[in-house]
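Content type JSON, C-alpha atoms, from the file target-v2.json:
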[["chain", "number", "residue", "atom", "x", "y", "z"],
["A", 20, "MET", "CA", -29.43, -17.99, -45.16],
["A", 21, "ALA", "CA", -26.47, -20.23, -44.37],
["A", 22, "GLU", "CA", -23.95, -20.78, -47.11],
["A", 23, "GLY", "CA", -24.23, -24.21, -48.71],
["A", 24, "LEU", "CA", -21.28, -26.56, -49.11],
["A", 25, "ARG", "CA", -21.18, -26.11, -52.89],
["A", 26, "ASP", "CA", -21.23, -22.32, -52.65],
["A", 27, "ARG", "CA", -18.52, -22.36, -49.99],
["A", 28, "LYS", "CA", -16.29, -24.56, -52.16],
["A", 29, "LYS", "CA", -16.84, -22.27, -55.15],
["A", 30, "ARG", "CA", -15.98, -19.22, -53.05],
["A", 31, "GLU", "CA", -12.86, -20.91, -51.70],
["A", 32, "THR", "CA", -11.77, -21.97, -55.20],
["A", 33, "ARG", "CA", -12.29, -18.46, -56.52],
["A", 34, "ARG", "CA", -10.27, -17.00, -53.66],
["A", 35, "ARG", "CA", -7.47, -19.55, -54.09],
["A", 36, "ILE", "CA", -7.17, -18.80, -57.80],
["A", 37, "ALA", "CA", -7.13, -15.04, -57.24],
["A", 38, "ASP", "CA", -4.65, -15.21, -54.35],
["A", 39, "THR", "CA", -2.35, -17.48, -56.35],
["A", 40, "ALA", "CA", -2.54, -15.21, -59.37],
["A", 41, "VAL", "CA", -1.78, -12.05, -57.41],
["A", 42, "ALA", "CA", 1.21, -13.69, -55.72],
["A", 43, "LEU", "CA", 2.61, -14.67, -59.13],
["A", 44, "PHE", "CA", 1.90, -11.24, -60.61],
["A", 45, "VAL", "CA", 3.68, -9.47, -57.74],
["A", 46, "GLU", "CA", 6.65, -11.83, -57.99],
["A", 47, "ARG", "CA", 7.11, -11.77, -61.77],
["A", 48, "GLY", "CA", 4.97, -8.98, -63.20],
["A", 49, "PHE", "CA", 1.40, -9.05, -64.51],
["A", 50, "ASP", "CA", 2.36, -9.30, -68.18],
["A", 51, "ARG", "CA", 4.89, -12.08, -67.56],
["A", 52, "VAL", "CA", 2.47, -14.59, -66.08],
["A", 53, "THR", "CA", 0.04, -16.58, -68.22],
["A", 54, "ILE", "CA", -3.37, -17.92, -67.25],
["A", 55, "ALA", "CA", -1.98, -21.42, -67.77],
["A", 56, "GLU", "CA", 0.70, -20.73, -65.17],
["A", 57, "VAL", "CA", -1.91, -19.40, -62.75],
["A", 58, "ALA", "CA", -4.03, -22.51, -63.27],
["A", 59, "ALA", "CA", -1.08, -24.83, -62.67],
["A", 60, "ALA", "CA", -0.04, -23.03, -59.50],
["A", 61, "ALA", "CA", -3.62, -23.06, -58.19],
["A", 62, "ASP", "CA", -4.00, -26.75, -59.12],
["A", 63, "VAL", "CA", -6.99, -26.17, -61.41],
["A", 64, "SER", "CA", -7.54, -26.29, -65.16],
["A", 65, "VAL", "CA", -7.37, -23.26, -67.44],
["A", 66, "ASN", "CA", -11.08, -23.72, -68.12],
["A", 67, "THR", "CA", -11.76, -23.51, -64.39],
["A", 68, "VAL", "CA", -9.93, -20.19, -64.18],
["A", 69, "TYR", "CA", -12.09, -18.82, -66.99],
["A", 70, "ASN", "CA", -15.21, -20.20, -65.34],
["A", 71, "TYR", "CA", -14.54, -17.82, -62.46],
["A", 72, "PHE", "CA", -12.81, -14.94, -64.24],
["A", 73, "ASP", "CA", -13.69, -13.64, -67.69],
["A", 74, "ALA", "CA", -10.40, -11.81, -68.19],
["A", 75, "LYS", "CA", -6.91, -11.84, -66.71],
["A", 76, "GLU", "CA", -7.46, -8.34, -65.30],
["A", 77, "ASP", "CA", -10.43, -9.67, -63.29],
["A", 78, "LEU", "CA", -7.98, -11.64, -61.16],
["A", 79, "VAL", "CA", -6.66, -8.36, -59.77],
["A", 80, "LEU", "CA", -9.47, -5.84, -60.28],
["A", 81, "PRO", "CA", -12.90, -7.52, -60.49],
["A", 82, "PRO", "CA", -15.52, -5.60, -62.49],
["A", 83, "HIS", "CA", -17.91, -5.53, -59.52],
["A", 84, "GLN", "CA", -15.68, -2.91, -57.91],
["A", 85, "GLY", "CA", -17.40, -0.43, -60.21],
["A", 86, "ASP", "CA", -20.46, -0.65, -57.94],
["A", 87, "ARG", "CA", -18.51, 0.18, -54.77],
["A", 88, "LEU", "CA", -19.75, 3.75, -54.24],
["A", 89, "ALA", "CA", -23.34, 2.98, -55.18],
["A", 90, "GLY", "CA", -23.24, 0.00, -52.84],
["A", 91, "ILE", "CA", -22.05, 2.13, -49.93],
["A", 92, "VAL", "CA", -24.73, 4.73, -50.56],
["A", 93, "ARG", "CA", -27.44, 2.14, -51.12],
["A", 94, "GLU", "CA", -26.76, 0.71, -47.64],
["A", 95, "ARG", "CA", -26.37, 4.04, -45.85],
["A", 96, "GLU", "CA", -27.89, 4.57, -42.42],
["A", 97, "ARG", "CA", -31.05, 6.49, -41.60],
["A", 98, "GLY", "CA", -30.43, 10.21, -41.51],
["A", 99, "GLU", "CA", -27.18, 9.81, -43.45],
["A", 100, "SER", "CA", -26.53, 11.49, -46.78],
["A", 101, "ALA", "CA", -24.73, 9.93, -49.75],
["A", 102, "ALA", "CA", -21.48, 11.81, -49.14],
["A", 103, "GLU", "CA", -21.58, 11.18, -45.40],
["A", 104, "ALA", "CA", -21.98, 7.44, -46.01],
["A", 105, "VAL", "CA", -18.86, 7.31, -48.20],
["A", 106, "LEU", "CA", -16.85, 9.41, -45.75],
["A", 107, "ARG", "CA", -17.92, 7.17, -42.87],
["A", 108, "CYS", "CA", -17.08, 4.01, -44.81],
["A", 109, "LEU", "CA", -13.62, 5.31, -45.69],
["A", 110, "ARG", "CA", -12.96, 6.29, -42.07],
["A", 111, "GLU", "CA", -14.02, 2.82, -40.92],
["A", 112, "GLU", "CA", -11.74, 1.18, -43.49],
["A", 113, "VAL", "CA", -8.83, 3.33, -42.36],
["A", 114, "ALA", "CA", -9.55, 2.56, -38.70],
["A", 115, "ARG", "CA", -9.43, -1.20, -39.29],
["A", 116, "ARG", "CA", -6.47, -0.90, -41.69],
["A", 117, "ASP", "CA", -8.51, -2.48, -44.45],
["A", 118, "PRO", "CA", -6.27, -4.20, -47.04],
["A", 119, "SER", "CA", -8.51, -2.83, -49.81],
["A", 120, "LEU", "CA", -7.06, 0.62, -49.06],
["A", 121, "GLY", "CA", -3.51, -0.65, -49.15],
["A", 122, "LEU", "CA", -2.86, -0.14, -45.44],
["A", 123, "THR", "CA", -0.73, -3.25, -45.09],
["A", 124, "PRO", "CA", 3.06, -3.68, -45.19],
["A", 125, "GLY", "CA", 2.91, -5.84, -48.34],
["A", 126, "PHE", "CA", 0.90, -3.36, -50.42],
["A", 127, "ALA", "CA", 3.97, -1.70, -51.97],
["A", 128, "GLY", "CA", 4.74, -4.72, -54.13],
["A", 129, "PHE", "CA", 1.12, -5.06, -55.24],
["A", 130, "TYR", "CA", 0.91, -1.36, -56.08],
["A", 131, "ALA", "CA", 4.16, -1.47, -58.08],
["A", 132, "MET", "CA", 2.85, -4.47, -60.02],
["A", 133, "MET", "CA", -0.35, -2.63, -60.94],
["A", 134, "ARG", "CA", 1.44, 0.54, -61.99],
["A", 135, "ALA", "CA", 3.70, -1.46, -64.30],
["A", 136, "ALA", "CA", 0.76, -3.02, -66.18],
["A", 137, "PRO", "CA", -0.97, -0.71, -68.70],
["A", 138, "THR", "CA", -4.05, -2.92, -68.89],
["A", 139, "LEU", "CA", -4.52, -2.71, -65.12],
["A", 140, "ILE", "CA", -4.17, 1.08, -65.20],
["A", 141, "ALA", "CA", -6.82, 1.13, -67.91],
["A", 142, "ARG", "CA", -9.04, -1.13, -65.80],
["A", 143, "LEU", "CA", -8.68, 1.26, -62.84],
["A", 144, "ASP", "CA", -9.86, 4.11, -65.06],
["A", 145, "GLU", "CA", -12.82, 2.04, -66.25],
["A", 146, "ILE", "CA", -13.80, 1.18, -62.69],
["A", 147, "ALA", "CA", -13.65, 4.85, -61.63],
["A", 148, "VAL", "CA", -15.94, 5.83, -64.51],
["A", 149, "ARG", "CA", -18.39, 3.03, -63.65],
["A", 150, "MET", "CA", -18.37, 4.04, -59.98],
["A", 151, "THR", "CA", -19.47, 7.57, -60.80],
["A", 152, "ALA", "CA", -22.01, 6.46, -63.41],
["A", 153, "SER", "CA", -23.68, 3.86, -61.18],
["A", 154, "LEU", "CA", -23.78, 6.33, -58.29],
["A", 155, "THR", "CA", -25.33, 8.97, -60.55],
["A", 156, "ASP", "CA", -28.08, 6.55, -61.56],
["A", 157, "LEU", "CA", -28.75, 5.62, -57.94],
["A", 158, "LEU", "CA", -28.92, 9.23, -56.74],
["A", 159, "ALA", "CA", -31.22, 10.21, -59.59],
["A", 160, "ALA", "CA", -33.56, 7.33, -58.80],
["A", 161, "GLU", "CA", -33.60, 7.87, -55.04],
["A", 162, "THR", "CA", -34.14, 11.63, -55.21],
["A", 163, "GLY", "CA", -36.67, 11.46, -58.03],
["A", 164, "ALA", "CA", -34.57, 13.90, -60.04],
["A", 165, "ALA", "CA", -36.15, 15.15, -63.24],
["A", 166, "SER", "CA", -34.63, 14.20, -66.56],
["A", 167, "GLY", "CA", -31.84, 16.63, -67.30],
["A", 168, "ASP", "CA", -31.31, 17.60, -63.65],
["A", 169, "PRO", "CA", -27.53, 17.95, -63.30],
["A", 170, "LEU", "CA", -27.39, 17.51, -59.52],
["A", 171, "PRO", "CA", -27.14, 13.69, -59.33],
["A", 172, "ALA", "CA", -24.15, 13.65, -61.68],
["A", 173, "LEU", "CA", -22.52, 16.65, -59.99],
["A", 174, "VAL", "CA", -22.83, 15.14, -56.51],
["A", 175, "ALA", "CA", -21.70, 11.73, -57.76],
["A", 176, "GLY", "CA", -18.73, 13.44, -59.37],
["A", 177, "GLN", "CA", -17.78, 15.09, -56.08],
["A", 178, "ILE", "CA", -18.06, 11.81, -54.21],
["A", 179, "GLY", "CA", -16.07, 10.03, -56.91],
["A", 180, "TRP", "CA", -13.41, 12.73, -56.64],
["A", 181, "LEU", "CA", -13.07, 12.39, -52.87],
["A", 182, "HIS", "CA", -12.81, 8.60, -53.15],
["A", 183, "ALA", "CA", -10.20, 8.84, -55.91],
["A", 184, "HIS", "CA", -8.26, 11.50, -54.00],
["A", 185, "VAL", "CA", -8.01, 9.28, -50.93],
["A", 186, "LEU", "CA", -6.81, 6.33, -53.00],
["A", 187, "GLY", "CA", -4.36, 8.57, -54.81],
["A", 188, "GLU", "CA", -2.93, 9.70, -51.50],
["A", 189, "VAL", "CA", -2.45, 6.09, -50.47],
["A", 190, "GLY", "CA", -0.55, 5.49, -53.71],
["A", 191, "ARG", "CA", 1.64, 8.56, -53.23],
["A", 192, "ARG", "CA", 2.55, 7.57, -49.70],
["A", 193, "THR", "CA", 3.11, 3.96, -50.75],
["A", 194, "ASP", "CA", 5.59, 5.16, -53.39],
["A", 195, "ALA", "CA", 7.36, 7.09, -50.63],
["A", 196, "ARG", "CA", 7.56, 3.85, -48.60],
["A", 197, "GLU", "CA", 5.72, 5.43, -45.72],
["A", 198, "ASP", "CA", 4.72, 3.25, -42.78],
["A", 199, "PRO", "CA", 1.03, 2.21, -43.04],
["A", 200, "GLU", "CA", 0.33, 3.59, -39.57],
["A", 201, "ARG", "CA", 1.50, 7.05, -40.60],
["A", 202, "THR", "CA", -0.50, 6.78, -43.80],
["A", 203, "ALA", "CA", -3.63, 5.87, -41.84],
["A", 204, "ALA", "CA", -3.24, 8.90, -39.57],
["A", 205, "ALA", "CA", -2.73, 11.17, -42.58],
["A", 206, "LEU", "CA", -5.82, 9.75, -44.31],
["A", 207, "LEU", "CA", -8.05, 10.52, -41.33],
["A", 208, "HIS", "CA", -6.81, 14.10, -41.37],
["A", 209, "LEU", "CA", -7.39, 14.25, -45.13],
["A", 210, "LEU", "CA", -10.96, 12.98, -44.79],
["A", 211, "ASP", "CA", -11.70, 15.70, -42.24],
["A", 212, "ALA", "CA", -10.33, 18.33, -44.63],
["A", 213, "ILE", "CA", -12.39, 16.96, -47.52],
["A", 214, "GLU", "CA", -15.57, 17.00, -45.44],
["A", 215, "ASP", "CA", -14.95, 20.64, -44.50],
["A", 216, "LEU", "CA", -14.39, 21.49, -48.16],
["A", 217, "LEU", "CA", -17.50, 19.83, -49.59],
["A", 218, "GLY", "CA", -20.05, 22.12, -48.00],
["A", 219, "PRO", "CA", -23.74, 21.59, -47.18],
["A", 220, "ARG", "CA", -25.05, 21.27, -50.77],
["A", 221, "VAL", "CA", -23.10, 18.05, -51.24],
["A", 222, "LEU", "CA", -23.12, 16.85, -47.62],
["A", 223, "ASP", "CA", -26.90, 17.15, -47.33],
["A", 224, "TYR", "CA", -27.77, 15.67, -50.72],
["A", 225, "ALA", "CA", -29.82, 12.46, -50.80],
["A", 226, "ARG", "CA", -30.15, 12.23, -47.04],
["A", 227, "ARG", "CA", -32.00, 9.05, -46.08],
["A", 228, "PRO", "CA", -35.16, 9.80, -44.05]]

Target encoding C-alpha coordinates, full file:
Amino acid sequence: MAEGLRDRKKRETRRRIADTAVALFVERGFDRVTIAEVAAAADVSVNTVYNYFDAKEDLVLPPHQGDRLAGIVRERERGESAAEAVLRCLREEVARRDPSLGLTPGFAGFYAMMRAAPTLIARLDEIAVRMTASLTDLLAAETGAASGDPLPALVAGQIGWLHAHVLGEVGRRTDAREDPERTAAALLHLLDAIEDLLGPRVLDYARRP
(Lines of atoms letter the chains of each structure in order from A and count residues from 1; the text may use other names and numbers.)
(Lines give C-alpha, C1' and ligand atoms only; values in the text may rest on other atoms or scores of the structure.)
Protein backbone atom coordinates (compact mmCIF):
# COMPACT_ATOMS: atom_id res chain seq x y z
CA MET A 1 0.00 0.00 0.00
CA ALA A 2 1.37 3.40 -0.97
CA GLU A 3 2.22 5.79 1.83
CA GLY A 4 -0.34 8.57 2.22
CA LEU A 5 0.59 12.24 2.33
CA ARG A 6 -0.25 12.55 6.03
CA ASP A 7 1.82 9.50 6.96
CA ARG A 8 4.75 10.74 4.88
CA LYS A 9 4.65 14.14 6.58
CA LYS A 10 4.52 12.50 10.00
CA ARG A 11 7.48 10.28 9.13
CA GLU A 12 9.45 13.26 7.82
CA THR A 13 8.65 15.30 10.94
CA ARG A 14 9.72 12.45 13.19
CA ARG A 15 12.97 12.05 11.28
CA ARG A 16 13.67 15.80 11.32
CA ILE A 17 13.16 15.98 15.08
CA ALA A 18 15.39 12.96 15.72
CA ASP A 19 18.14 14.12 13.35
CA THR A 20 18.10 17.60 14.88
CA ALA A 21 18.25 16.19 18.39
CA VAL A 22 21.14 13.85 17.65
CA ALA A 23 23.13 16.65 16.03
CA LEU A 24 22.66 18.80 19.13
CA PHE A 25 23.49 15.92 21.48
CA VAL A 26 26.72 15.14 19.61
CA GLU A 27 27.71 18.80 19.58
CA ARG A 28 26.94 19.65 23.21
CA GLY A 29 26.31 16.40 25.09
CA PHE A 30 23.07 14.53 25.73
CA ASP A 31 22.55 15.89 29.25
CA ARG A 32 23.24 19.49 28.20
CA VAL A 33 20.45 19.77 25.66
CA THR A 34 16.81 20.22 26.67
CA ILE A 35 13.72 19.08 24.81
CA ALA A 36 12.77 22.74 24.43
CA GLU A 37 16.05 23.38 22.62
CA VAL A 38 15.46 20.39 20.36
CA ALA A 39 11.96 21.65 19.55
CA ALA A 40 13.21 25.14 18.73
CA ALA A 41 15.98 23.84 16.48
CA ALA A 42 13.56 21.51 14.68
CA ASP A 43 10.99 24.33 14.34
CA VAL A 44 8.25 22.45 16.21
CA SER A 45 6.59 22.81 19.60
CA VAL A 46 7.65 20.91 22.70
CA ASN A 47 4.28 19.15 22.62
CA THR A 48 5.01 17.99 19.08
CA VAL A 49 8.28 16.45 20.20
CA TYR A 50 6.46 14.52 22.92
CA ASN A 51 3.77 13.48 20.46
CA TYR A 52 6.46 11.55 18.61
CA PHE A 53 8.81 10.61 21.44
CA ASP A 54 7.76 9.61 24.94
CA ALA A 55 11.17 10.23 26.49
CA LYS A 56 14.36 12.10 25.64
CA GLU A 57 16.24 8.80 25.31
CA ASP A 58 13.81 7.74 22.55
CA LEU A 59 15.33 10.41 20.32
CA VAL A 60 18.56 8.40 20.24
CA LEU A 61 17.54 4.83 21.06
CA PRO A 62 13.88 4.13 20.21
CA PRO A 63 12.23 1.37 22.27
CA HIS A 64 11.31 -0.59 19.13
CA GLN A 65 14.96 -1.57 18.79
CA GLY A 66 14.23 -4.18 21.44
CA ASP A 67 12.41 -6.19 18.76
CA ARG A 68 15.37 -6.19 16.36
CA LEU A 69 16.47 -9.82 16.77
CA ALA A 70 12.94 -11.21 16.86
CA GLY A 71 12.14 -9.19 13.75
CA ILE A 72 15.12 -10.61 11.87
CA VAL A 73 14.21 -14.16 12.85
CA ARG A 74 10.52 -13.66 12.14
CA GLU A 75 11.36 -12.68 8.55
CA ARG A 76 14.00 -15.36 7.96
CA GLU A 77 14.15 -17.22 4.68
CA ARG A 78 12.95 -20.75 4.01
CA GLY A 79 15.47 -23.32 5.17
CA GLU A 80 17.20 -20.75 7.37
CA SER A 81 17.58 -21.14 11.13
CA ALA A 82 17.26 -18.37 13.70
CA ALA A 83 21.00 -18.00 14.22
CA GLU A 84 21.73 -18.16 10.50
CA ALA A 85 19.23 -15.37 9.86
CA VAL A 86 20.93 -13.05 12.35
CA LEU A 87 24.40 -13.89 11.02
CA ARG A 88 23.24 -13.23 7.46
CA CYS A 89 21.61 -9.93 8.42
CA LEU A 90 24.75 -8.75 10.19
CA ARG A 91 26.91 -9.70 7.21
CA GLU A 92 24.58 -7.79 4.89
CA GLU A 93 24.69 -4.73 7.15
CA VAL A 94 28.48 -4.86 7.21
CA ALA A 95 28.63 -5.27 3.42
CA ARG A 96 26.53 -2.15 2.83
CA ARG A 97 28.28 -0.23 5.64
CA ASP A 98 24.98 0.23 7.42
CA PRO A 99 25.02 3.33 9.66
CA SER A 100 23.14 1.36 12.33
CA LEU A 101 26.36 -0.60 12.92
CA GLY A 102 28.45 2.54 13.17
CA LEU A 103 30.37 1.93 9.95
CA THR A 104 30.48 5.59 8.99
CA PRO A 105 33.20 8.21 9.54
CA GLY A 106 30.95 10.32 11.80
CA PHE A 107 30.06 7.51 14.21
CA ALA A 108 32.89 8.29 16.66
CA GLY A 109 31.20 11.47 17.87
CA PHE A 110 27.84 9.75 18.23
CA TYR A 111 29.40 6.85 20.14
CA ALA A 112 31.27 9.20 22.48
CA MET A 113 28.04 11.08 23.17
CA MET A 114 26.23 7.87 24.10
CA ARG A 115 29.01 6.63 26.36
CA ALA A 116 29.01 9.91 28.25
CA ALA A 117 25.28 9.67 29.07
CA PRO A 118 24.38 7.24 31.89
CA THR A 119 20.71 7.16 30.90
CA LEU A 120 21.62 6.10 27.35
CA ILE A 121 23.91 3.35 28.65
CA ALA A 122 21.01 2.16 30.80
CA ARG A 123 18.71 2.27 27.77
CA LEU A 124 21.18 0.14 25.79
CA ASP A 125 21.10 -2.45 28.58
CA GLU A 126 17.29 -2.41 28.59
CA ILE A 127 17.16 -2.89 24.83
CA ALA A 128 19.57 -5.84 25.00
CA VAL A 129 17.41 -7.53 27.65
CA ARG A 130 14.25 -6.93 25.59
CA MET A 131 15.94 -8.30 22.47
CA THR A 132 16.71 -11.60 24.16
CA ALA A 133 13.32 -11.83 25.87
CA SER A 134 11.30 -11.15 22.71
CA LEU A 135 13.44 -13.60 20.74
CA THR A 136 12.94 -16.24 23.44
CA ASP A 137 9.17 -15.83 23.21
CA LEU A 138 9.25 -16.08 19.42
CA LEU A 139 11.43 -19.20 19.39
CA ALA A 140 9.27 -20.89 22.00
CA ALA A 141 6.13 -20.17 20.01
CA GLU A 142 7.55 -21.21 16.64
CA THR A 143 9.08 -24.46 17.89
CA GLY A 144 6.13 -25.39 20.08
CA ALA A 145 8.48 -25.73 23.04
CA ALA A 146 6.92 -27.14 26.19
CA SER A 147 6.58 -24.96 29.24
CA GLY A 148 9.85 -25.07 31.14
CA ASP A 149 11.91 -26.11 28.09
CA PRO A 150 15.18 -24.17 28.47
CA LEU A 151 16.22 -24.35 24.80
CA PRO A 152 14.42 -21.23 23.48
CA ALA A 153 16.03 -19.03 26.14
CA LEU A 154 19.43 -20.68 25.73
CA VAL A 155 19.46 -20.24 21.96
CA ALA A 156 18.13 -16.69 22.25
CA GLY A 157 20.89 -15.99 24.75
CA GLN A 158 23.53 -17.25 22.32
CA ILE A 159 22.12 -15.14 19.51
CA GLY A 160 21.90 -12.12 21.80
CA TRP A 161 25.52 -12.69 22.80
CA LEU A 162 26.77 -12.83 19.22
CA HIS A 163 24.86 -9.65 18.34
CA ALA A 164 26.19 -7.83 21.41
CA HIS A 165 29.73 -9.07 20.75
CA VAL A 166 29.68 -7.66 17.22
CA LEU A 167 28.40 -4.30 18.43
CA GLY A 168 30.97 -4.31 21.21
CA GLU A 169 33.72 -4.87 18.67
CA VAL A 170 32.48 -1.91 16.66
CA GLY A 171 32.65 0.21 19.81
CA ARG A 172 36.17 -0.96 20.66
CA ARG A 173 37.44 -0.20 17.18
CA THR A 174 35.62 3.14 17.14
CA ASP A 175 37.40 4.10 20.37
CA ALA A 176 40.67 3.20 18.65
CA ARG A 177 39.72 5.54 15.78
CA GLU A 178 40.01 2.74 13.28
CA ASP A 179 38.96 3.38 9.69
CA PRO A 180 35.42 2.03 9.04
CA GLU A 181 36.69 -0.03 6.10
CA ARG A 182 39.14 -1.88 8.32
CA THR A 183 36.44 -2.35 10.93
CA ALA A 184 34.10 -3.82 8.32
CA ALA A 185 36.72 -6.34 7.19
CA ALA A 186 37.42 -7.33 10.79
CA LEU A 187 33.69 -7.79 11.50
CA LEU A 188 33.27 -10.20 8.59
CA HIS A 189 36.15 -12.26 9.93
CA LEU A 190 34.62 -12.13 13.42
CA LEU A 191 31.24 -13.32 12.15
CA ASP A 192 32.90 -16.30 10.49
CA ALA A 193 34.65 -17.16 13.75
CA ILE A 194 31.41 -16.86 15.72
CA GLU A 195 29.57 -19.13 13.28
CA ASP A 196 32.30 -21.77 13.63
CA LEU A 197 32.07 -21.51 17.41
CA LEU A 198 28.29 -21.84 17.76
CA GLY A 199 28.00 -25.42 16.58
CA PRO A 200 25.07 -27.34 15.06
CA ARG A 201 22.76 -27.30 18.13
CA VAL A 202 22.43 -23.53 17.87
CA LEU A 203 22.88 -23.18 14.11
CA ASP A 204 20.16 -25.72 13.34
CA TYR A 205 17.64 -24.54 15.92
CA ALA A 206 14.28 -23.23 14.68
CA ARG A 207 15.06 -23.85 11.03
CA ARG A 208 12.20 -22.62 8.85
CA PRO A 209 10.74 -25.42 6.69

In Å to one decimal, how far is atom CA of Arg35 of chain A from atom CA of Thr53 of chain A?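 Calculated distance between atom CA of Thr53 of chain A and atom CA of Arg35 of chain A is 16.3 Å.
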
Find the residues around segment 130-135 of chain A up to 8 Å (only C-alpha atoms counted), leave out those fewer than 6 positions away in its own chain, and share them as a ChimeraX atom specification. /A:44-45,48-49,190,193

When you look at Asp62 of chain A with a cut-off of 10 Å (counting all atoms listed in the file), what residues show up, excluding the ones that are within fewer than 2 positions of it in the same chain? I need them as a list in words. Thr32, Arg35, Ile36, Thr39, Glu56, Val57, Ala58, Ala59, Ala60, Ser64, Val65 and Thr67 of chain A

What are the nearest atom pairs, with distances in Å to one decimal, for all residues of segment 76-158 of chain A that come at most 9 Å from segment 163-179 of chain A, using only C-alpha atoms, set out by chain and rising residue number as a tab-separated table?
residue	atom	partner	partner_atom	distance
A:Leu88	CA	A:Gly179	CA	7.8
A:Ala101	CA	A:Ile178	CA	8.2
A:Ala102	CA	A:Ile178	CA	6.1
A:Val105	CA	A:Ile178	CA	7.6
A:Leu106	CA	A:Ile178	CA	8.9
A:Ala147	CA	A:Gly179	CA	7.4
A:Val148	CA	A:Gly179	CA	8.7
A:Met150	CA	A:Gly179	CA	7.1
A:Thr151	CA	A:Ala175	CA	5.6
A:Ala152	CA	A:Ala172	CA	7.7
A:Ser153	CA	A:Ala175	CA	8.8
A:Leu154	CA	A:Ala175	CA	5.8
A:Thr155	CA	A:Ala172	CA	5.0
A:Asp156	CA	A:Pro171	CA	7.5
A:Leu157	CA	A:Pro171	CA	8.3
A:Leu158	CA	A:Pro171	CA	5.5

Long-range neighbours of His208 of chain A as a PyMOL selection string, 12 Å cut-off, only C-alpha atoms, 6 positions minimum in chain: chain A and resi 106+109-110+113+185+188+201-202+214-215

Nearest candidate to Glu112 of chain A (options A:Tyr224, A:Ile213, A:Ala203, A:Arg51; using only C-alpha atoms):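 For Glu112 of chain A, the nearest of the given residues is A:Ala203.
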
What is the distance between atom CA of Ala183 of chain A and atom CA of Val79 of chain A, in Å to one decimal? 18.0 Å

As a check of understanding: the span from atom CA of Arg142 of chain A to atom CA of Asp198 of chain A is 27.2 Å

Tell me which of A:Pro82, A:Pro137, A:Pro219, A:Pro199 sits closest to Ala114 of chain A, counting only C-alpha atoms.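 Checking each of A:Pro82, A:Pro137, A:Pro219, A:Pro199 against Ala114 of chain A, counting only C-alpha atoms, the winner is A:Pro199.
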
Measuring atom to atom with all atoms listed in the file, identify which of A:Arg87, A:Arg93, A:Arg191, A:His184 is nearest to Ala127 of chain A.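 Going through A:Arg87, A:Arg93, A:Arg191, A:His184 one by one, the smallest distance to Ala127 of chain A is for A:Arg191.
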
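Each of A:Asp223, A:Glu111, A:Glu76, A:Asp26 was compared to Leu139 of chain A using all atoms listed in the file, and A:Glu76 turns out to be the nearest.
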
Return the single residue from A:Asp86, A:Asp194, A:Asp73, A:Glu200 that is closest to Asp117 of chain A, with distances computed using all atoms listed in the file. A:Glu200

Taking 6 positions as the minimum chain separation for residues in the same chain, which residues sit within 12 Å of Arg34 of chain A when counting all atoms listed in the file? Answer as a VMD selection string. chain A and resid 27 to 28 40 to 41 61 68 71 to 72 78 to 79 81

Output the selection as a PDB file, in the coordinates of the input - C-alpha atoms for each residue.
ATOM      1  CA  ARG A  27     -18.520 -22.360 -49.990  1.00  0.00           C
ATOM      2  CA  LYS A  28     -16.290 -24.560 -52.160  1.00  0.00           C
ATOM      3  CA  ALA A  40      -2.540 -15.210 -59.370  1.00  0.00           C
ATOM      4  CA  VAL A  41      -1.780 -12.050 -57.410  1.00  0.00           C
ATOM      5  CA  ALA A  61      -3.620 -23.060 -58.190  1.00  0.00           C
ATOM      6  CA  VAL A  68      -9.930 -20.190 -64.180  1.00  0.00           C
ATOM      7  CA  TYR A  71     -14.540 -17.820 -62.460  1.00  0.00           C
ATOM      8  CA  PHE A  72     -12.810 -14.940 -64.240  1.00  0.00           C
ATOM      9  CA  LEU A  78      -7.980 -11.640 -61.160  1.00  0.00           C
ATOM     10  CA  VAL A  79      -6.660  -8.360 -59.770  1.00  0.00           C
ATOM     11  CA  PRO A  81     -12.900  -7.520 -60.490  1.00  0.00           C
TER      12      PRO A  81
END

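Minimum atom-to-atom distance to Cys108 of chain A, evaluated using only C-alpha atoms, belongs to A:Leu210 out of A:Leu210, A:Ile146, A:Leu216, A:Val189.
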